[in-house]
>>> print(open('target26.pdb').read())   # PDB, C-alpha atoms, pLDDT in the B column
ATOM      1  CA  PRO A   1       3.765 -14.937 -14.211  1.00 63.00           C
ATOM      2  CA  VAL A   2       5.598 -11.952 -15.621  1.00 74.00           C
ATOM      3  CA  ILE A   3       3.451  -9.170 -17.007  1.00 77.00           C
ATOM      4  CA  CYS A   4       5.150  -6.973 -19.622  1.00 81.00           C
ATOM      5  CA  LEU A   5       3.927  -3.424 -19.997  1.00 84.00           C
ATOM      6  CA  LYS A   6       5.260  -0.700 -22.261  1.00 86.00           C
ATOM      7  CA  GLY A   7       5.629   2.990 -21.686  1.00 89.00           C
ATOM      8  CA  LYS A   8       5.420   5.816 -24.172  1.00 90.00           C
ATOM      9  CA  ASN A   9       9.016   6.981 -23.734  1.00 92.00           C
ATOM     10  CA  SER A  10      12.087   7.103 -21.503  1.00 92.00           C
ATOM     11  CA  ASN A  11      10.642   9.907 -19.365  1.00 92.00           C
ATOM     12  CA  GLN A  12       7.593   7.832 -18.446  1.00 93.00           C
ATOM     13  CA  LEU A  13       9.878   4.985 -17.352  1.00 92.00           C
ATOM     14  CA  LYS A  14      12.062   7.425 -15.403  1.00 93.00           C
ATOM     15  CA  ARG A  15       9.014   8.776 -13.546  1.00 92.00           C
ATOM     16  CA  VAL A  16       7.871   5.293 -12.510  1.00 93.00           C
ATOM     17  CA  VAL A  17      11.398   4.582 -11.190  1.00 92.00           C
ATOM     18  CA  GLU A  18      11.311   7.785  -9.144  1.00 92.00           C
ATOM     19  CA  THR A  19       7.889   6.975  -7.708  1.00 94.00           C
ATOM     20  CA  ALA A  20       8.570   3.281  -7.124  1.00 93.00           C
ATOM     21  CA  SER A  21      11.862   3.997  -5.354  1.00 93.00           C
ATOM     22  CA  GLU A  22       9.911   6.007  -2.783  1.00 94.00           C
ATOM     23  CA  THR A  23       7.162   3.371  -2.418  1.00 95.00           C
ATOM     24  CA  GLU A  24       7.425   0.973   0.510  1.00 95.00           C
ATOM     25  CA  GLY A  25       7.337  -2.706  -0.419  1.00 94.00           C
ATOM     26  CA  VAL A  26       8.502  -2.240  -4.019  1.00 94.00           C
ATOM     27  CA  VAL A  27      11.775  -3.681  -5.269  1.00 94.00           C
ATOM     28  CA  LEU A  28      12.958  -2.348  -8.610  1.00 93.00           C
ATOM     29  CA  ASN A  29      15.685  -2.439 -11.183  1.00 91.00           C
ATOM     30  CA  TYR A  30      16.060  -0.579 -14.441  1.00 90.00           C
ATOM     31  CA  PHE A  31      18.048  -0.782 -17.648  1.00 90.00           C
ATOM     32  CA  THR A  32      19.403   2.285 -19.443  1.00 91.00           C
ATOM     33  CA  ASP A  33      21.617   3.199 -22.362  1.00 91.00           C
ATOM     34  CA  ALA A  34      24.605   2.991 -19.980  1.00 88.00           C
ATOM     35  CA  PHE A  35      24.223  -0.790 -20.271  1.00 88.00           C
ATOM     36  CA  LEU A  36      25.225  -0.640 -23.949  1.00 88.00           C
ATOM     37  CA  ALA A  37      28.822   0.360 -23.158  1.00 79.00           C
ATOM     38  CA  GLY A  38      30.694  -2.823 -24.095  1.00 86.00           C
ATOM     39  CA  SER A  39      32.303  -4.609 -21.161  1.00 92.00           C
ATOM     40  CA  ALA A  40      30.802  -4.957 -17.692  1.00 91.00           C
ATOM     41  CA  GLU A  41      33.453  -2.562 -16.370  1.00 93.00           C
ATOM     42  CA  ALA A  42      32.565   0.045 -19.005  1.00 91.00           C
ATOM     43  CA  GLN A  43      28.863  -0.349 -18.197  1.00 91.00           C
ATOM     44  CA  MET A  44      29.464   0.156 -14.482  1.00 91.00           C
ATOM     45  CA  ARG A  45      31.721   3.160 -15.129  1.00 92.00           C
ATOM     46  CA  GLN A  46      29.202   4.808 -17.450  1.00 91.00           C
ATOM     47  CA  THR A  47      26.364   4.129 -14.999  1.00 89.00           C
ATOM     48  CA  ARG A  48      28.336   5.761 -12.160  1.00 91.00           C
ATOM     49  CA  GLU A  49      29.488   8.720 -14.252  1.00 93.00           C
ATOM     50  CA  THR A  50      26.187   9.576 -15.952  1.00 91.00           C
ATOM     51  CA  PRO A  51      23.498  11.225 -13.814  1.00 90.00           C
ATOM     52  CA  VAL A  52      20.272   9.203 -13.841  1.00 85.00           C
ATOM     53  CA  GLU A  53      18.357  12.147 -15.324  1.00 86.00           C
ATOM     54  CA  ASP A  54      20.714  12.071 -18.357  1.00 91.00           C
ATOM     55  CA  GLN A  55      20.266   8.347 -19.063  1.00 91.00           C
ATOM     56  CA  GLU A  56      17.779   6.943 -21.554  1.00 93.00           C
ATOM     57  CA  PHE A  57      15.584   4.287 -19.946  1.00 92.00           C
ATOM     58  CA  PHE A  58      14.827   1.095 -21.872  1.00 90.00           C
ATOM     59  CA  ALA A  59      13.146  -1.094 -19.255  1.00 90.00           C
ATOM     60  CA  VAL A  60      12.007  -1.099 -15.634  1.00 92.00           C
ATOM     61  CA  VAL A  61      11.354  -4.168 -13.487  1.00 92.00           C
ATOM     62  CA  LEU A  62       9.042  -3.816 -10.488  1.00 93.00           C
ATOM     63  CA  PHE A  63       8.303  -6.433  -7.847  1.00 93.00           C
ATOM     64  CA  GLY A  64       5.886  -6.095  -4.974  1.00 93.00           C
ATOM     65  CA  PRO A  65       2.305  -6.626  -3.898  1.00 94.00           C
ATOM     66  CA  SER A  66      -0.157  -6.283  -6.762  1.00 92.00           C
ATOM     67  CA  GLU A  67      -2.146  -3.609  -4.920  1.00 94.00           C
ATOM     68  CA  THR A  68       1.049  -1.528  -4.662  1.00 94.00           C
ATOM     69  CA  ILE A  69       2.308  -2.084  -8.221  1.00 92.00           C
ATOM     70  CA  LYS A  70      -0.991  -1.524 -10.073  1.00 92.00           C
ATOM     71  CA  PRO A  71      -1.282   2.210  -9.267  1.00 94.00           C
ATOM     72  CA  LEU A  72       2.318   2.720 -10.421  1.00 93.00           C
ATOM     73  CA  THR A  73       1.715   1.058 -13.789  1.00 92.00           C
ATOM     74  CA  LYS A  74      -1.838   2.176 -14.624  1.00 92.00           C
ATOM     75  CA  ARG A  75      -0.627   4.429 -17.478  1.00 91.00           C
ATOM     76  CA  PHE A  76       1.299   1.642 -19.176  1.00 90.00           C
ATOM     77  CA  SER A  77      -0.155  -0.657 -21.822  1.00 89.00           C
ATOM     78  CA  LEU A  78       0.196  -4.423 -22.132  1.00 85.00           C
ATOM     79  CA  VAL A  79       2.859  -5.607 -24.584  1.00 83.00           C
ATOM     80  CA  GLN A  80       1.205  -7.739 -27.247  1.00 78.00           C
ATOM     81  CA  ASN A  81       2.583 -10.652 -29.284  1.00 71.00           C
ATOM     82  CA  LEU A  82       5.693 -11.530 -27.313  1.00 64.00           C
ATOM     83  CA  PRO A  83       7.330 -14.770 -28.477  1.00 67.00           C
ATOM     84  CA  SER A  84       6.409 -17.694 -26.266  1.00 68.00           C
ATOM     85  CA  THR A  85       9.074 -19.475 -24.214  1.00 65.00           C
ATOM     86  CA  ASN A  86       6.774 -22.460 -23.627  1.00 65.00           C
ATOM     87  CA  GLN A  87       7.773 -24.302 -26.788  1.00 61.00           C
ATOM     88  CA  PRO A  88       8.962 -27.912 -26.723  1.00 60.00           C
ATOM     89  CA  ALA A  89      12.701 -28.458 -26.987  1.00 54.00           C
TER      90      ALA A  89
END
>>> encode(input="target26.pdb", output="structure tokens")
Amino acid sequence: PVICLKGKNSNQLKRVVETASETEGVVLNYFTDAFLAGSAEAQMRQTRETPVEDQEFFAVVLFGPSETIKPLTKRFSLVQNLPSTNQPA
């Protein structure tokens, strides 16, 4: 299962990225406003050229053992009412 949590703002997401990147056993990825820059080449260029601290964070994906992830996400709340993907075709 995928559990979706939401943060209060970009800074909260940025802090969890900083902490998770230093945590053994956690794999992560994140999505920022640099990903809105048109083509894939433009996105990569903007990502390289913009310091992480100047980017606005939209989403963070964490993967690892539950006992490692839970302390990192304890300040986040569960996203409610997401559309279901389990609908018949």
>>> residues_near_point(input="target26.pdb", point="(9.5, -5.5, -5.7)", cutoff="9 Å", atoms="all atoms listed in the file", output="PyMOL selection string")
chain A and resi 20+25-29+61-65+69
>>> atom_distance(input="target26.pdb", atom1="atom CA of Leu5 of chain A", atom2="atom CA of Val79 of chain A")
5.2 Å
>>> atom_distance(input="target26.pdb", atom1="atom CA of Ser77 of chain A", atom2="atom CA of Cys4 of chain A")
8.5 Å
>>> residues_around(input="target26.pdb", residues="Lys74 of chain A", least_positions_apart="4", cutoff="12 Å", atoms="all atoms listed in the file", output="PDB file with C-alpha atoms, keeping the file's coordinate frame")
ATOM      1  CA  LEU A   5       3.927  -3.424 -19.997  1.00 84.00           C
ATOM      2  CA  LYS A   6       5.260  -0.700 -22.261  1.00 86.00           C
ATOM      3  CA  GLY A   7       5.629   2.990 -21.686  1.00 89.00           C
ATOM      4  CA  GLN A  12       7.593   7.832 -18.446  1.00 93.00           C
ATOM      5  CA  VAL A  16       7.871   5.293 -12.510  1.00 93.00           C
ATOM      6  CA  SER A  66      -0.157  -6.283  -6.762  1.00 92.00           C
ATOM      7  CA  GLU A  67      -2.146  -3.609  -4.920  1.00 94.00           C
ATOM      8  CA  THR A  68       1.049  -1.528  -4.662  1.00 94.00           C
ATOM      9  CA  ILE A  69       2.308  -2.084  -8.221  1.00 92.00           C
ATOM     10  CA  LYS A  70      -0.991  -1.524 -10.073  1.00 92.00           C
ATOM     11  CA  LEU A  78       0.196  -4.423 -22.132  1.00 85.00           C
TER      12      LEU A  78
END
>>> atom_distance(input="target26.pdb", atom1="atom CA of Asp33 of chain A", atom2="atom CA of Glu56 of chain A")
5.4 Å
>>> closest_residue(input="target26.pdb", among="A:Asn81, A:Thr50, A:Thr32, A:Gln43", to="Leu13 of chain A", atoms="all atoms listed in the file")
A:Thr32
>>> closest_residue(input="target26.pdb", among="A:Pro51, A:Ala59, A:Gln80, A:Thr19", to="Phe31 of chain A", atoms="only C-alpha atoms")
A:Ala59
>>> closest_residue(input="target26.pdb", among="A:Val17, A:Ile3, A:Ala34, A:Ala42", to="Asp54 of chain A", atoms="all atoms listed in the file")
A:Ala34
>>> axis_aligned_box(input="target26.pdb", around="segment 14-28 of chain A", padding_each_side="6 Å", output="AutoDock Vina command-line options")
--center_x 10.1 --center_y 2.5 --center_z -7.4 --size_x 17.8 --size_y 24.5 --size_z 27.9
>>> residues_near_point(input="target26.pdb", point="(11.6, 3.3, -24.9)", cutoff="6 Å", atoms="all atoms listed in the file", output="PyMOL selection string")
chain A and resi 9-10+58
>>> closest_residue(input="target26.pdb", among="A:Val2, A:Tyr30, A:Glu22, A:Val60", to="Thr47 of chain A", atoms="all atoms listed in the file")
A:Tyr30
>>> residues_around(input="target26.pdb", residues="Met44 of chain A", least_positions_apart="5", cutoff="9 Å", atoms="all atoms listed in the file", output="list of chain:residue names")
A:Ala34, A:Phe35, A:Ala37, A:Ser39, A:Glu49
>>> build_atoms(input="target26.pdb", residues="segment 45-56 of chain A", atoms="all heavy atoms", output="tab-separated table (two decimals), keeping the file's coordinate frame")
chain	number	residue	atom	x	y	z
A	45	ARG	N	31.12	1.82	-15.12
A	45	ARG	CA	31.72	3.16	-15.13
A	45	ARG	C	30.74	4.19	-15.70
A	45	ARG	O	30.52	5.24	-15.12
A	45	ARG	CB	33.03	3.16	-15.92
A	45	ARG	CG	33.74	4.50	-15.91
A	45	ARG	CD	35.09	4.47	-16.62
A	45	ARG	NE	35.00	3.97	-17.99
A	45	ARG	CZ	35.40	2.77	-18.41
A	45	ARG	NH1	35.92	1.92	-17.55
A	45	ARG	NH2	35.28	2.41	-19.66
A	46	GLN	N	30.13	3.86	-16.83
A	46	GLN	CA	29.20	4.81	-17.45
A	46	GLN	C	27.99	5.03	-16.57
A	46	GLN	O	27.48	6.15	-16.48
A	46	GLN	CB	28.77	4.34	-18.84
A	46	GLN	CG	27.91	5.38	-19.53
A	46	GLN	CD	27.81	5.16	-21.02
A	46	GLN	OE1	28.63	4.49	-21.61
A	46	GLN	NE2	26.80	5.75	-21.62
A	47	THR	N	27.51	3.99	-15.91
A	47	THR	CA	26.36	4.13	-15.00
A	47	THR	C	26.71	5.06	-13.84
A	47	THR	O	25.93	5.93	-13.47
A	47	THR	CB	25.93	2.75	-14.46
A	47	THR	OG1	25.55	1.94	-15.58
A	47	THR	CG2	24.77	2.86	-13.50
A	48	ARG	N	27.91	4.90	-13.27
A	48	ARG	CA	28.34	5.76	-12.16
A	48	ARG	C	28.54	7.20	-12.60
A	48	ARG	O	28.22	8.14	-11.87
A	48	ARG	CB	29.66	5.25	-11.57
A	48	ARG	CG	29.54	4.11	-10.61
A	48	ARG	CD	30.85	3.87	-9.87
A	48	ARG	NE	32.00	3.72	-10.75
A	48	ARG	CZ	32.42	2.58	-11.30
A	48	ARG	NH1	31.78	1.46	-11.03
A	48	ARG	NH2	33.47	2.53	-12.08
A	49	GLU	N	29.10	7.39	-13.80
A	49	GLU	CA	29.49	8.72	-14.25
A	49	GLU	C	28.36	9.53	-14.88
A	49	GLU	O	28.48	10.75	-15.02
A	49	GLU	CB	30.66	8.61	-15.23
A	49	GLU	CG	31.93	8.08	-14.60
A	49	GLU	CD	33.04	7.82	-15.58
A	49	GLU	OE1	32.83	8.01	-16.81
A	49	GLU	OE2	34.13	7.43	-15.14
A	50	THR	N	27.29	8.87	-15.28
A	50	THR	CA	26.19	9.58	-15.95
A	50	THR	C	25.04	9.76	-14.97
A	50	THR	O	24.51	8.79	-14.45
A	50	THR	CB	25.70	8.78	-17.17
A	50	THR	OG1	26.80	8.49	-18.02
A	50	THR	CG2	24.64	9.55	-17.94
A	51	PRO	N	24.64	11.01	-14.71
A	51	PRO	CA	23.50	11.22	-13.81
A	51	PRO	C	22.26	10.51	-14.35
A	51	PRO	O	22.05	10.43	-15.57
A	51	PRO	CB	23.29	12.74	-13.85
A	51	PRO	CG	24.59	13.31	-14.33
A	51	PRO	CD	25.20	12.26	-15.22
A	52	VAL	N	21.47	9.96	-13.45
A	52	VAL	CA	20.27	9.20	-13.84
A	52	VAL	C	19.38	10.03	-14.77
A	52	VAL	O	18.85	9.51	-15.75
A	52	VAL	CB	19.49	8.74	-12.59
A	52	VAL	CG1	18.15	8.13	-12.98
A	52	VAL	CG2	20.30	7.74	-11.81
A	53	GLU	N	19.24	11.32	-14.49
A	53	GLU	CA	18.36	12.15	-15.32
A	53	GLU	C	18.87	12.30	-16.75
A	53	GLU	O	18.12	12.67	-17.65
A	53	GLU	CB	18.13	13.52	-14.69
A	53	GLU	CG	19.37	14.32	-14.43
A	53	GLU	CD	20.02	14.07	-13.08
A	53	GLU	OE1	19.57	13.17	-12.34
A	53	GLU	OE2	20.99	14.77	-12.77
A	54	ASP	N	20.15	11.98	-17.01
A	54	ASP	CA	20.71	12.07	-18.36
A	54	ASP	C	20.74	10.73	-19.08
A	54	ASP	O	21.20	10.65	-20.21
A	54	ASP	CB	22.13	12.63	-18.29
A	54	ASP	CG	22.16	14.07	-17.84
A	54	ASP	OD1	21.12	14.76	-17.94
A	54	ASP	OD2	23.23	14.52	-17.36
A	55	GLN	N	20.26	9.66	-18.44
A	55	GLN	CA	20.27	8.35	-19.06
A	55	GLN	C	18.93	8.09	-19.76
A	55	GLN	O	17.89	8.57	-19.33
A	55	GLN	CB	20.52	7.26	-18.01
A	55	GLN	CG	21.90	7.37	-17.39
A	55	GLN	CD	22.17	6.27	-16.40
A	55	GLN	OE1	21.73	5.14	-16.59
A	55	GLN	NE2	22.90	6.58	-15.35
A	56	GLU	N	18.99	7.34	-20.85
A	56	GLU	CA	17.78	6.94	-21.55
A	56	GLU	C	17.34	5.59	-21.00
A	56	GLU	O	18.11	4.63	-21.01
A	56	GLU	CB	18.02	6.85	-23.05
A	56	GLU	CG	16.77	6.48	-23.81
A	56	GLU	CD	16.97	6.44	-25.31
A	56	GLU	OE1	18.03	6.85	-25.79
A	56	GLU	OE2	16.05	5.96	-25.99
